[in-house]
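Student: Next comes the structure file model13.txt, holding compact mmCIF, C-alpha atoms.
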# COMPACT_ATOMS: atom_id res chain seq x y z
CA MET P 30 -13.11 10.10 -8.79
CA GLU P 31 -12.48 12.98 -11.18
CA PHE P 32 -8.82 13.70 -11.90
CA SER P 33 -7.43 16.94 -13.22
CA SER P 34 -4.69 15.08 -15.10
CA LYS P 35 -4.68 11.95 -17.25
CA LEU P 36 -1.13 11.06 -16.14
CA LEU P 37 -2.20 11.21 -12.53
CA GLU P 38 -5.34 9.18 -13.22
CA ASN P 39 -3.34 6.53 -15.01
CA ALA P 40 -0.78 6.21 -12.20
CA VAL P 41 -3.54 6.00 -9.59
CA ASN P 42 -5.37 3.34 -11.61
CA GLU P 43 -2.25 1.21 -11.97
CA MET P 44 -1.35 1.59 -8.30
CA SER P 45 -4.86 0.66 -7.17
CA GLN P 46 -4.57 -2.69 -8.97
CA LEU P 47 -2.27 -3.82 -6.18
CA PRO P 48 -3.98 -5.98 -3.54
CA GLY P 49 -5.30 -4.03 -0.56
CA ILE P 50 -4.70 -0.66 -2.22
CA GLY P 51 -7.88 1.26 -3.04
CA LYS P 52 -8.22 4.41 -5.14
CA ARG P 53 -7.80 6.76 -2.20
CA THR P 54 -4.64 5.07 -0.92
CA ALA P 55 -3.29 4.92 -4.47
CA LEU P 56 -3.84 8.67 -4.84
CA ARG P 57 -2.07 9.29 -1.54
CA LEU P 58 0.91 7.18 -2.66
CA VAL P 59 1.17 8.87 -6.05
CA LEU P 60 0.95 12.35 -4.51
CA HIS P 61 3.68 11.30 -2.08
CA LEU P 62 5.90 10.30 -5.01
CA LEU P 63 5.23 13.64 -6.68
CA ARG P 64 6.47 15.47 -3.59
CA GLN P 65 9.67 13.40 -3.44
CA PRO P 66 12.80 14.05 -5.52
CA GLU P 67 12.47 12.53 -9.00
CA GLU P 68 15.11 9.87 -8.29
CA ARG P 69 12.94 8.28 -5.62
CA ALA P 70 10.07 7.64 -8.01
CA PHE P 71 12.46 6.49 -10.74
CA GLN P 72 14.20 4.07 -8.38
CA LEU P 73 10.86 2.55 -7.39
CA SER P 74 9.78 2.31 -11.01
CA TYR P 75 13.11 0.76 -12.01
CA ALA P 76 13.13 -1.73 -9.12
CA ILE P 77 9.64 -2.97 -10.04
CA GLN P 78 10.58 -3.35 -13.68
CA LYS P 79 13.88 -5.07 -12.92
CA VAL P 80 12.55 -7.57 -10.41
CA ARG P 81 9.74 -8.58 -12.77
CA ALA P 82 11.96 -8.87 -15.83
CA GLU P 83 14.98 -10.56 -14.28
CA VAL P 84 13.60 -12.58 -11.40
CA ASN P 85 14.79 -16.14 -11.35
CA PHE P 86 13.39 -19.20 -9.64
CA CYS P 87 15.65 -21.88 -8.23
CA LYS P 88 15.42 -24.77 -10.68
CA SER P 89 15.36 -27.26 -7.83
CA CYS P 90 13.04 -25.79 -5.18
CA ASN P 91 11.29 -22.93 -7.03
CA ASN P 92 12.40 -20.36 -4.43
CA ILE P 93 13.16 -16.87 -5.75
CA SER P 94 16.89 -16.61 -6.35
CA ASP P 95 19.42 -14.60 -8.35
CA THR P 96 21.34 -17.75 -9.25
CA GLU P 97 20.27 -20.99 -10.95
CA LEU P 98 20.28 -22.88 -7.66
CA CYS P 99 19.19 -20.90 -4.60
CA GLU P 100 21.57 -20.46 -1.65
CA ILE P 101 19.76 -23.09 0.38
CA CYS P 102 19.78 -25.76 -2.33
CA ALA P 103 23.42 -24.96 -3.14
CA ASN P 104 24.55 -25.20 0.48
CA PRO P 105 26.33 -28.56 1.03
CA ASN P 106 25.69 -28.35 4.80
CA ARG P 107 21.92 -28.69 4.41
CA HIS P 108 20.41 -32.20 4.68
CA ASN P 109 19.06 -33.02 1.24
CA GLY P 110 17.07 -35.98 2.61
CA VAL P 111 14.38 -33.79 4.18
CA ILE P 112 12.19 -31.47 2.12
CA CYS P 113 9.82 -28.96 3.66
CA VAL P 114 6.88 -28.26 1.32
CA VAL P 115 5.64 -24.65 1.57
CA GLU P 116 3.19 -22.42 -0.20
CA ASP P 117 5.36 -19.44 -1.07
CA ILE P 118 8.69 -17.85 -0.38
CA ARG P 119 7.41 -15.93 2.64
CA ASP P 120 7.01 -19.28 4.36
CA VAL P 121 10.62 -20.15 3.53
CA MET P 122 11.69 -16.86 5.12
CA ALA P 123 9.54 -17.50 8.20
CA ILE P 124 10.88 -21.03 8.75
CA GLU P 125 14.49 -19.95 8.07
CA ASN P 126 14.04 -17.28 10.75
CA THR P 127 13.29 -19.93 13.37
CA GLY P 128 16.66 -21.58 12.74
CA SER P 129 15.16 -25.01 13.50
CA PHE P 130 15.24 -26.51 10.03
CA ARG P 131 18.40 -27.62 8.23
CA GLY P 132 16.87 -29.47 5.28
CA LEU P 133 15.74 -28.19 1.88
CA TYR P 134 12.50 -26.56 0.74
CA HIS P 135 10.06 -26.98 -2.09
CA VAL P 136 7.98 -23.91 -2.93
CA LEU P 137 4.65 -24.86 -4.53
CA GLY P 138 3.75 -21.30 -5.52
CA GLY P 139 0.26 -21.43 -4.05
CA LYS P 140 -2.29 -23.92 -2.80
CA ILE P 141 -5.09 -25.84 -4.45
CA SER P 142 -8.10 -23.56 -4.36
CA PRO P 143 -10.97 -24.32 -6.75
CA MET P 144 -12.73 -21.09 -5.66
CA ASP P 145 -9.81 -19.08 -7.07
CA GLY P 146 -9.43 -21.36 -10.08
CA ILE P 147 -6.13 -22.81 -8.87
CA GLY P 148 -5.75 -26.53 -9.54
CA PRO P 149 -2.83 -28.93 -8.97
CA GLN P 150 -1.48 -28.26 -12.47
CA ASP P 151 -0.93 -24.59 -11.54
CA LEU P 152 1.44 -25.56 -8.72
CA LYS P 153 4.92 -27.10 -8.72
CA ILE P 154 3.64 -30.48 -7.56
CA GLN P 155 4.87 -32.60 -10.46
CA SER P 156 8.48 -31.53 -9.99
CA LEU P 157 8.21 -32.38 -6.28
CA VAL P 158 6.96 -35.87 -7.06
CA GLU P 159 9.75 -36.32 -9.62
CA LYS P 160 12.28 -35.22 -7.00
CA VAL P 161 10.98 -37.81 -4.55
CA LYS P 162 10.99 -40.49 -7.27
CA SER P 163 14.64 -39.76 -8.02
CA GLY P 164 15.31 -41.27 -4.62
CA GLU P 165 17.33 -39.04 -2.29
CA THR P 166 14.36 -37.75 -0.28
CA LYS P 167 13.64 -39.61 2.95
CA GLU P 168 11.04 -37.27 4.46
CA LEU P 169 8.58 -34.65 3.24
CA ILE P 170 7.33 -32.15 5.82
CA PHE P 171 4.05 -30.52 4.78
CA ALA P 172 4.17 -26.94 6.08
CA MET P 173 1.05 -25.47 4.49
CA SER P 174 -1.24 -23.15 6.44
CA PRO P 175 -3.81 -25.22 8.37
CA THR P 176 -6.76 -24.18 6.21
CA MET P 177 -9.13 -26.11 3.98
CA GLU P 178 -6.98 -25.28 0.94
CA GLY P 179 -3.75 -26.17 2.73
CA ASP P 180 -5.14 -29.51 3.89
CA THR P 181 -6.44 -30.27 0.39
CA THR P 182 -3.03 -29.54 -1.09
CA ASN P 183 -1.27 -31.73 1.47
CA PHE P 184 -3.66 -34.58 0.79
CA TYR P 185 -3.36 -34.26 -2.98
CA ILE P 186 0.44 -34.48 -2.79
CA PHE P 187 0.20 -37.36 -0.34
CA ARG P 188 -1.88 -39.31 -2.88
CA GLN P 189 0.63 -38.60 -5.66
CA LEU P 190 3.33 -40.20 -3.52
CA ASP P 191 1.47 -43.53 -3.38
CA GLY P 192 3.87 -46.43 -3.51
CA LEU P 193 6.98 -44.28 -3.06
CA ASP P 194 9.30 -44.96 -0.13
CA VAL P 195 9.15 -41.58 1.63
CA LYS P 196 8.09 -40.56 5.12
CA THR P 197 5.55 -37.74 5.28
CA SER P 198 4.84 -35.50 8.22
CA THR P 199 3.05 -32.24 8.85
CA ILE P 200 4.04 -29.41 11.14
CA ALA P 201 2.48 -29.70 14.60
CA ARG P 202 -0.81 -27.96 15.29
CA GLY P 203 -1.42 -26.83 18.80
CA ILE P 204 -1.69 -23.86 21.11
CA SER P 205 0.62 -20.99 20.11
CA ALA P 206 3.22 -19.77 22.60
CA GLY P 207 1.76 -17.10 24.87
CA ASN P 208 -1.87 -17.85 23.97
CA GLU P 209 -4.56 -18.33 26.61
CA LEU P 210 -6.21 -21.77 26.54
CA GLU P 211 -9.70 -20.35 26.97
CA TYR P 212 -9.43 -18.41 23.70
CA ALA P 213 -8.14 -21.34 21.63
CA ASP P 214 -10.59 -22.79 19.11
CA GLU P 215 -12.00 -26.29 19.75
CA ILE P 216 -10.29 -28.01 16.84
CA THR P 217 -6.84 -26.77 17.81
CA LEU P 218 -7.32 -27.51 21.50
CA GLY P 219 -8.73 -30.97 20.73
CA ARG P 220 -5.82 -31.78 18.42
CA SER P 221 -3.32 -30.54 20.98
CA ILE P 222 -4.62 -33.11 23.46
CA ILE P 223 -4.73 -35.99 20.99
CA ASP P 224 -1.26 -35.12 19.67
CA ARG P 225 0.22 -34.50 23.12
CA ILE P 226 3.97 -34.99 23.47
CA PRO P 227 6.01 -36.46 26.36
CA PHE P 228 6.70 -33.68 28.85
CA VAL P 229 10.43 -34.39 28.80
CA ALA P 230 10.48 -33.86 25.02
CA SER P 231 8.78 -30.49 25.44
CA LEU P 232 11.64 -29.29 27.65
CA LYS P 233 14.20 -29.71 24.87
CA SER P 234 13.81 -26.65 22.65
CA MET N 1 14.24 -9.88 6.91
CA GLU N 2 16.58 -12.13 4.94
CA PHE N 3 15.91 -12.25 1.22
CA SER N 4 16.99 -15.00 -1.12
CA SER N 5 17.39 -12.52 -3.98
CA LYS N 6 18.96 -9.05 -4.21
CA LEU N 7 16.47 -7.98 -6.87
CA LEU N 8 13.60 -8.90 -4.62
CA GLU N 9 15.18 -7.18 -1.64
CA ASN N 10 15.72 -4.03 -3.64
CA ALA N 11 12.13 -3.94 -4.91
CA VAL N 12 10.79 -4.53 -1.38
CA ASN N 13 13.00 -1.78 0.04
CA GLU N 14 11.86 0.72 -2.56
CA MET N 15 8.21 -0.20 -2.12
CA SER N 16 8.43 0.08 1.67
CA GLN N 17 9.56 3.72 1.37
CA LEU N 18 5.98 4.59 0.48
CA PRO N 19 3.98 6.00 3.40
CA GLY N 20 1.99 3.40 5.32
CA ILE N 21 3.69 0.47 3.56
CA GLY N 22 5.90 -1.64 5.82
CA LYS N 23 8.33 -4.36 4.79
CA ARG N 24 5.78 -7.15 5.05
CA THR N 25 3.18 -5.35 2.94
CA ALA N 26 5.88 -4.39 0.44
CA LEU N 27 6.89 -8.05 0.13
CA ARG N 28 3.26 -9.04 -0.40
CA LEU N 29 2.88 -6.41 -3.14
CA VAL N 30 6.08 -7.41 -4.92
CA LEU N 31 5.20 -11.13 -4.80
CA HIS N 32 1.80 -10.21 -6.22
CA LEU N 33 3.49 -8.42 -9.12
CA LEU N 34 5.68 -11.47 -9.73
CA ARG N 35 2.60 -13.65 -10.06
CA GLN N 36 0.98 -11.28 -12.56
CA PRO N 37 1.74 -11.17 -16.30
CA GLU N 38 4.86 -9.08 -16.98
CA GLU N 39 2.86 -6.30 -18.66
CA ARG N 40 1.06 -5.49 -15.43
CA ALA N 41 4.28 -4.77 -13.56
CA PHE N 42 5.71 -2.86 -16.52
CA GLN N 43 2.57 -0.73 -16.82
CA LEU N 44 2.78 0.17 -13.14
CA SER N 45 6.48 0.93 -13.43
CA TYR N 46 5.91 3.04 -16.54
CA ALA N 47 2.96 4.94 -15.05
CA ILE N 48 5.00 5.90 -11.97
CA GLN N 49 7.93 7.04 -14.08
CA LYS N 50 5.75 8.97 -16.50
CA VAL N 51 3.66 10.81 -13.92
CA ARG N 52 6.80 11.88 -12.03
CA ALA N 53 8.68 12.96 -15.12
CA GLU N 54 5.91 14.73 -16.99
CA VAL N 55 3.58 16.00 -14.31
CA ASN N 56 2.64 19.61 -14.71
CA PHE N 57 1.28 22.10 -12.24
CA CYS N 58 -1.21 24.77 -13.30
CA LYS N 59 0.78 28.01 -13.45
CA SER N 60 -2.08 29.91 -11.88
CA CYS N 61 -3.44 27.71 -9.08
CA ASN N 62 -0.73 25.01 -8.69
CA ASN N 63 -3.23 22.20 -9.25
CA ILE N 64 -1.92 19.12 -11.07
CA SER N 65 -2.76 19.44 -14.72
CA ASP N 66 -1.69 18.15 -18.14
CA THR N 67 -1.97 21.63 -19.64
CA GLU N 68 -0.40 24.95 -18.67
CA LEU N 69 -3.63 26.22 -17.13
CA CYS N 70 -5.77 23.59 -15.41
CA GLU N 71 -9.32 22.95 -16.59
CA ILE N 72 -10.80 24.91 -13.73
CA CYS N 73 -8.65 28.01 -14.21
CA ALA N 74 -9.21 27.86 -17.99
CA ASN N 75 -12.98 27.57 -17.66
CA PRO N 76 -14.57 30.97 -18.48
CA ASN N 77 -17.73 30.01 -16.57
CA ARG N 78 -15.97 29.93 -13.19
CA HIS N 79 -16.04 33.10 -11.07
CA ASN N 80 -12.49 34.38 -10.93
CA GLY N 81 -13.31 36.76 -8.08
CA VAL N 82 -13.46 34.01 -5.44
CA ILE N 83 -10.46 31.83 -4.61
CA CYS N 84 -10.65 28.81 -2.35
CA VAL N 85 -7.30 28.17 -0.65
CA VAL N 86 -6.62 24.46 -0.09
CA GLU N 87 -3.77 22.28 1.09
CA ASP N 88 -3.49 19.80 -1.76
CA ILE N 89 -5.21 18.56 -4.86
CA ARG N 90 -7.25 15.99 -2.94
CA ASP N 91 -9.07 18.89 -1.33
CA VAL N 92 -9.81 20.34 -4.77
CA MET N 93 -11.28 16.97 -5.79
CA ALA N 94 -13.35 16.77 -2.60
CA ILE N 95 -14.78 20.29 -2.97
CA GLU N 96 -15.42 19.81 -6.70
CA ASN N 97 -17.38 16.67 -5.82
CA THR N 98 -19.80 18.69 -3.69
CA GLY N 99 -20.73 20.85 -6.69
CA SER N 100 -21.25 23.87 -4.40
CA PHE N 101 -18.28 25.97 -5.47
CA ARG N 102 -17.99 27.77 -8.79
CA GLY N 103 -14.92 29.91 -8.12
CA LEU N 104 -11.22 29.12 -8.54
CA TYR N 105 -8.73 27.32 -6.30
CA HIS N 106 -5.25 27.94 -5.02
CA VAL N 107 -3.31 24.84 -3.99
CA LEU N 108 -0.67 25.63 -1.35
CA GLY N 109 1.00 22.23 -1.54
CA GLY N 110 0.97 21.65 2.21
CA LYS N 111 0.53 23.54 5.45
CA ILE N 112 2.89 25.37 7.77
CA SER N 113 4.24 22.74 10.14
CA PRO N 114 7.44 23.55 12.04
CA MET N 115 7.50 20.01 13.44
CA ASP N 116 7.92 18.66 9.91
CA GLY N 117 10.24 21.48 8.90
CA ILE N 118 7.70 23.08 6.57
CA GLY N 119 7.70 26.87 6.67
CA PRO N 120 5.77 29.48 4.63
CA GLN N 121 8.55 29.64 2.02
CA ASP N 122 7.91 25.95 1.17
CA LEU N 123 4.31 26.69 0.19
CA LYS N 124 2.79 28.59 -2.71
CA ILE N 125 1.82 31.54 -0.49
CA GLN N 126 3.73 34.30 -2.27
CA SER N 127 2.05 33.60 -5.60
CA LEU N 128 -1.33 33.73 -3.86
CA VAL N 129 -0.56 37.14 -2.34
CA GLU N 130 0.63 38.39 -5.74
CA LYS N 131 -2.59 37.15 -7.31
CA VAL N 132 -4.63 39.08 -4.75
CA LYS N 133 -2.46 42.19 -5.24
CA SER N 134 -3.10 42.08 -8.99
CA GLY N 135 -6.65 43.03 -8.09
CA GLU N 136 -9.30 40.68 -9.51
CA THR N 137 -9.82 38.67 -6.32
CA LYS N 138 -12.73 39.79 -4.14
CA GLU N 139 -12.83 36.94 -1.64
CA LEU N 140 -10.47 34.29 -0.32
CA ILE N 141 -12.04 31.21 1.29
CA PHE N 142 -9.65 29.40 3.62
CA ALA N 143 -10.46 25.69 3.31
CA MET N 144 -7.61 24.15 5.32
CA SER N 145 -8.23 21.24 7.68
CA PRO N 146 -9.25 22.58 11.13
CA THR N 147 -6.01 21.59 12.85
CA MET N 148 -3.30 23.60 14.56
CA GLU N 149 -1.25 23.62 11.35
CA GLY N 150 -4.24 24.53 9.20
CA ASP N 151 -5.15 27.43 11.51
CA THR N 152 -1.54 28.66 11.57
CA THR N 153 -1.41 28.63 7.79
CA ASN N 154 -4.70 30.51 7.50
CA PHE N 155 -3.48 33.14 9.96
CA TYR N 156 -0.11 33.54 8.26
CA ILE N 157 -1.78 34.18 4.91
CA PHE N 158 -4.27 36.53 6.55
CA ARG N 159 -1.37 38.64 7.90
CA GLN N 160 0.28 38.75 4.47
CA LEU N 161 -2.89 40.28 3.05
CA ASP N 162 -2.70 43.26 5.41
CA GLY N 163 -3.86 46.43 3.70
CA LEU N 164 -5.22 44.64 0.64
CA ASP N 165 -8.87 45.04 -0.29
CA VAL N 166 -10.02 41.43 -0.13
CA LYS N 167 -12.68 39.66 1.90
CA THR N 168 -11.51 36.57 3.77
CA SER N 169 -13.66 33.74 5.07
CA THR N 170 -13.16 30.23 6.34
CA ILE N 171 -15.31 27.17 5.75
CA ALA N 172 -17.93 26.64 8.48
CA ARG N 173 -17.06 24.41 11.41
CA GLY N 174 -19.90 22.57 13.03
CA ILE N 175 -21.56 19.23 13.55
CA SER N 176 -21.19 16.91 10.54
CA ALA N 177 -24.33 15.58 8.87
CA GLY N 178 -25.51 12.37 10.52
CA ASN N 179 -23.38 12.81 13.65
CA GLU N 180 -24.82 12.44 17.15
CA LEU N 181 -24.52 15.59 19.26
CA GLU N 182 -23.36 13.70 22.34
CA TYR N 183 -20.26 12.43 20.54
CA ALA N 184 -19.24 15.84 19.14
CA ASP N 185 -16.15 17.40 20.73
CA GLU N 186 -16.59 20.50 22.89
CA ILE N 187 -14.80 22.92 20.59
CA THR N 188 -16.87 21.98 17.58
CA LEU N 189 -20.14 21.97 19.48
CA GLY N 190 -19.30 25.29 21.16
CA ARG N 191 -18.42 26.89 17.82
CA SER N 192 -21.56 25.54 16.22
CA ILE N 193 -23.63 27.42 18.79
CA ILE N 194 -21.69 30.68 18.55
CA ASP N 195 -21.71 30.51 14.73
CA ARG N 196 -25.37 29.47 14.52
CA ILE N 197 -27.22 30.37 11.32
CA PRO N 198 -30.82 31.53 10.75
CA PHE N 199 -33.03 28.46 10.50
CA VAL N 200 -34.48 29.64 7.20
CA ALA N 201 -30.98 29.81 5.72
CA SER N 202 -30.31 26.25 6.79
CA LEU N 203 -33.26 25.02 4.73
CA LYS N 204 -31.73 26.25 1.49
CA SER N 205 -29.22 23.62 0.45
Transcribe the structure of this file into structure tokens.
Tutor:
Amino acid sequence: MEFSSKLLENAVNEMSQLPGIGKRTALRLVLHLLRQPEERAFQLSYAIQKVRAEVNFCKSCNNISDTELCEICANPNRHNGVICVVEDIRDVMAIENTGSFRGLYHVLGGKISPMDGIGPQDLKIQSLVEKVKSGETKELIFAMSPTMEGDTTNFYIFRQLDGLDVKTSTIARGISAGNELEYADEITLGRSIIDRIPFVASLKS
Amino acid sequence: MEFSSKLLENAVNEMSQLPGIGKRTALRLVLHLLRQPEERAFQLSYAIQKVRAEVNFCKSCNNISDTELCEICANPNRHNGVICVVEDIRDVMAIENTGSFRGLYHVLGGKISPMDGIGPQDLKIQSLVEKVKSGETKELIFAMSPTMEGDTTNFYIFRQLDGLDVKTSTIARGISAGNELEYADEITLGRSIIDRIPFVASLKS
């Protein structure tokens, strides 16, 4: 792409570094900003700078937070005996939206993925193990995505907990609400039969 | 969406004002920036601010440029008797890429679109008419997208040129290279027959 302006070229190049944004989309976004009042572009620029410079992670669970302890960890009404282990803060938001979990979270910040060069030392696993060792945790719920990397991460953490008195569980895998059985994959359908639950229990939620 | 941090919420809100970027995508982009080294986010922030604050439009053709006259207008080898009228600078880039045009451009900055509240006074039409009145222009090529709005804009400009000694043309409409005839729409196929060209001429390019 040939640009008539270096400033424009630079902005498009920076914008196209974002995931899923190619050069053409980046150009469209930058041209949109040029058509908007100056304040709009400055507000975006300022918000990006500010969030990157001042963002804070909860010192207990590693969730993004404006305070030292995030709202969830600081809430005395949450059960601190159950910790739900998730990949990133979007998972915290998703689970919070369901309203079915009243314990605490632990955000790993990713999953073990040798293909992407991410090993256990790049994730907040050590602090999780320390937390469990300190004794208050009765149950860890692994809520990673059911992929190869998610399973590997779960298993790695499970091994680190060897000898510690903590219950571990993983979120149920099965047929999603509203899905047709015939389109479910074999692994999921198979697991949903092996892990079947008493019908009376299924009426509860 | 419930955010655990005001800074994060603010950045996501600003990002999701961009066209085609919803809240979820915005969150993904902001979390990506948080995982990157600080410089990356600052460079993006700075590039956006700088392009908006310092961007310059060519005083002759309204193309984005770092100098007072853009490279095309300032190039003595371009024919200043032919002006190609386009909607925005992406069209200039697209036509320049073909290498088949050696004249100058005039960037309108949009097209007449009452639905979006864009009238002729919002576009750089007056300066185009003045340019033609000043006498050097022999031909105007309308290169707007072949839509209702594009056609309206072409026609509006055409009426403004009443009584002026200037040739007007529009880019050819027809079947695109590589397209199957049976999938072409009726209007395009019909026009391509009415506007047929001598076979010998078609061999030239």
Student: Write out as a VMD selection string each polymer residue whose atoms come within 9 Å of range 47-51 of chain N, counting only C-alpha atoms; drop sequence neighbours fewer than 3 positions from it.
Tutor: (chain P and resid 36 to 37 39 to 41 43 to 44 59 62 to 63 67 70 to 75) or (chain N and resid 42 to 44 54 to 56)
Student: Hey, can you check how far CA of Ile95 in chain N sits from CA of Gln121 in chain N?
Tutor: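 Calculated distance between CA of Ile95 in chain N and CA of Gln121 in chain N is 25.6 Å.
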Student: Any idea what the distance is between CA of Ala206 in chain P and CA of Leu232 in chain P?
Tutor: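 Between CA of Ala206 in chain P and CA of Leu232 in chain P the gap is 13.7 Å.
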Student: The centre and edge lengths of an axis-aligned box containing all atoms of range 71-81 of chain P present in the file, extended by 8 Å on each side, are to be given in Å to one decimal, as AutoDock Vina command-line options.
Tutor:
--center_x 11.9 --center_y -1.0 --center_z -10.5 --size_x 20.6 --size_y 31.1 --size_z 22.3
Student: Name all residues at most 12 Å from Gly148 in chain P (count all atoms listed in the file; drop same-chain ones fewer than 4 positions away) and give them as a list of chain:residue names.
Tutor: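 Answer for this query is P:Leu137, P:Gly138, P:Gly139, P:Lys140, P:Ile141, P:Ser142, P:Pro143, P:Met144, P:Leu152, P:Lys153, P:Ile154, P:Glu178, P:Thr181, P:Thr182, P:Tyr185.
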Student: Pick out the residues sitting within 12 Å of Gly192 in chain P, and hand them over as a PyMOL selection string; count all atoms listed in the file, and ignore anything fewer than 5 positions along from it in its own chain.
Tutor: chain P and resi 158+161-162+187
Student: Between N:Cys84, N:Ala201, N:Leu69, N:Ala184, single out the one closest to chain P, counting only C-alpha atoms.
Tutor: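 That would be N:Leu69, the residue with the smallest distance to chain P.
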Student: Env of Glu97 in chain P: 9 Å cut, atoms = all atoms listed in the file, seq-sep filter 6 positions within chain, self excluded. Answer as a CSV table (one decimal) with C-alpha atoms, in the frame of the given file.
Tutor:
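Saved the output as out.csv:
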chain,number,residue,atom,x,y,z
P,85,ASN,CA,14.8,-16.1,-11.4
P,86,PHE,CA,13.4,-19.2,-9.6
P,87,CYS,CA,15.6,-21.9,-8.2
P,88,LYS,CA,15.4,-24.8,-10.7
P,89,SER,CA,15.4,-27.3,-7.8
Student: Near Gly110 in chain P, within 8 Å and counting all atoms listed in the file, which residues show up once chain neighbours fewer than 3 positions away are dropped, as a short mmCIF file (atom, residue, chain, number, x, y, z; two decimals) with C-alpha atoms, keeping the file's coordinate frame?
Tutor:
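What landed in out-v7.cif:
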data_model
loop_
_atom_site.label_atom_id
_atom_site.label_comp_id
_atom_site.auth_asym_id
_atom_site.auth_seq_id
_atom_site.Cartn_x
_atom_site.Cartn_y
_atom_site.Cartn_z
CA GLY P 132 16.87 -29.47 5.28
CA LEU P 133 15.74 -28.19 1.88
CA GLU P 165 17.33 -39.04 -2.29
CA THR P 166 14.36 -37.75 -0.28
CA LYS P 167 13.64 -39.61 2.95
CA GLU P 168 11.04 -37.27 4.46
#
Student: To one decimal in Å, tell me the separation between CA of Val195 in chain P and CA of Lys160 in chain P.
Tutor: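 Between CA of Val195 in chain P and CA of Lys160 in chain P the gap is 11.2 Å.
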Student: Rank N:Gln36, N:Arg24, N:Arg52, N:Glu180 by their smallest atom-to-atom distance to chain P, using all atoms listed in the file, and report the top residue only.
Tutor: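 Nearest to chain P: N:Arg52.
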Student: Choose the residue, out of N:Pro120, N:Gly190, N:Gly178, N:Pro19, that has the smallest atom-to-atom separation from chain P; count all atoms listed in the file.
Tutor: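 Distance minimum relative to chain P lands on N:Pro19.
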Student: So, counting all atoms listed in the file, which residue among N:Arg102, N:Pro146, N:Arg40, N:Gln126 is closest to Glu87 in chain N?
Tutor: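 Under the stated criterion, the closest residue is N:Pro146.
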Student: Have a look at N:Ile171, N:Leu18, N:Thr67, N:Ile118 and name the one nearest to Val86 in chain N; count all atoms listed in the file.
Tutor: N:Ile171
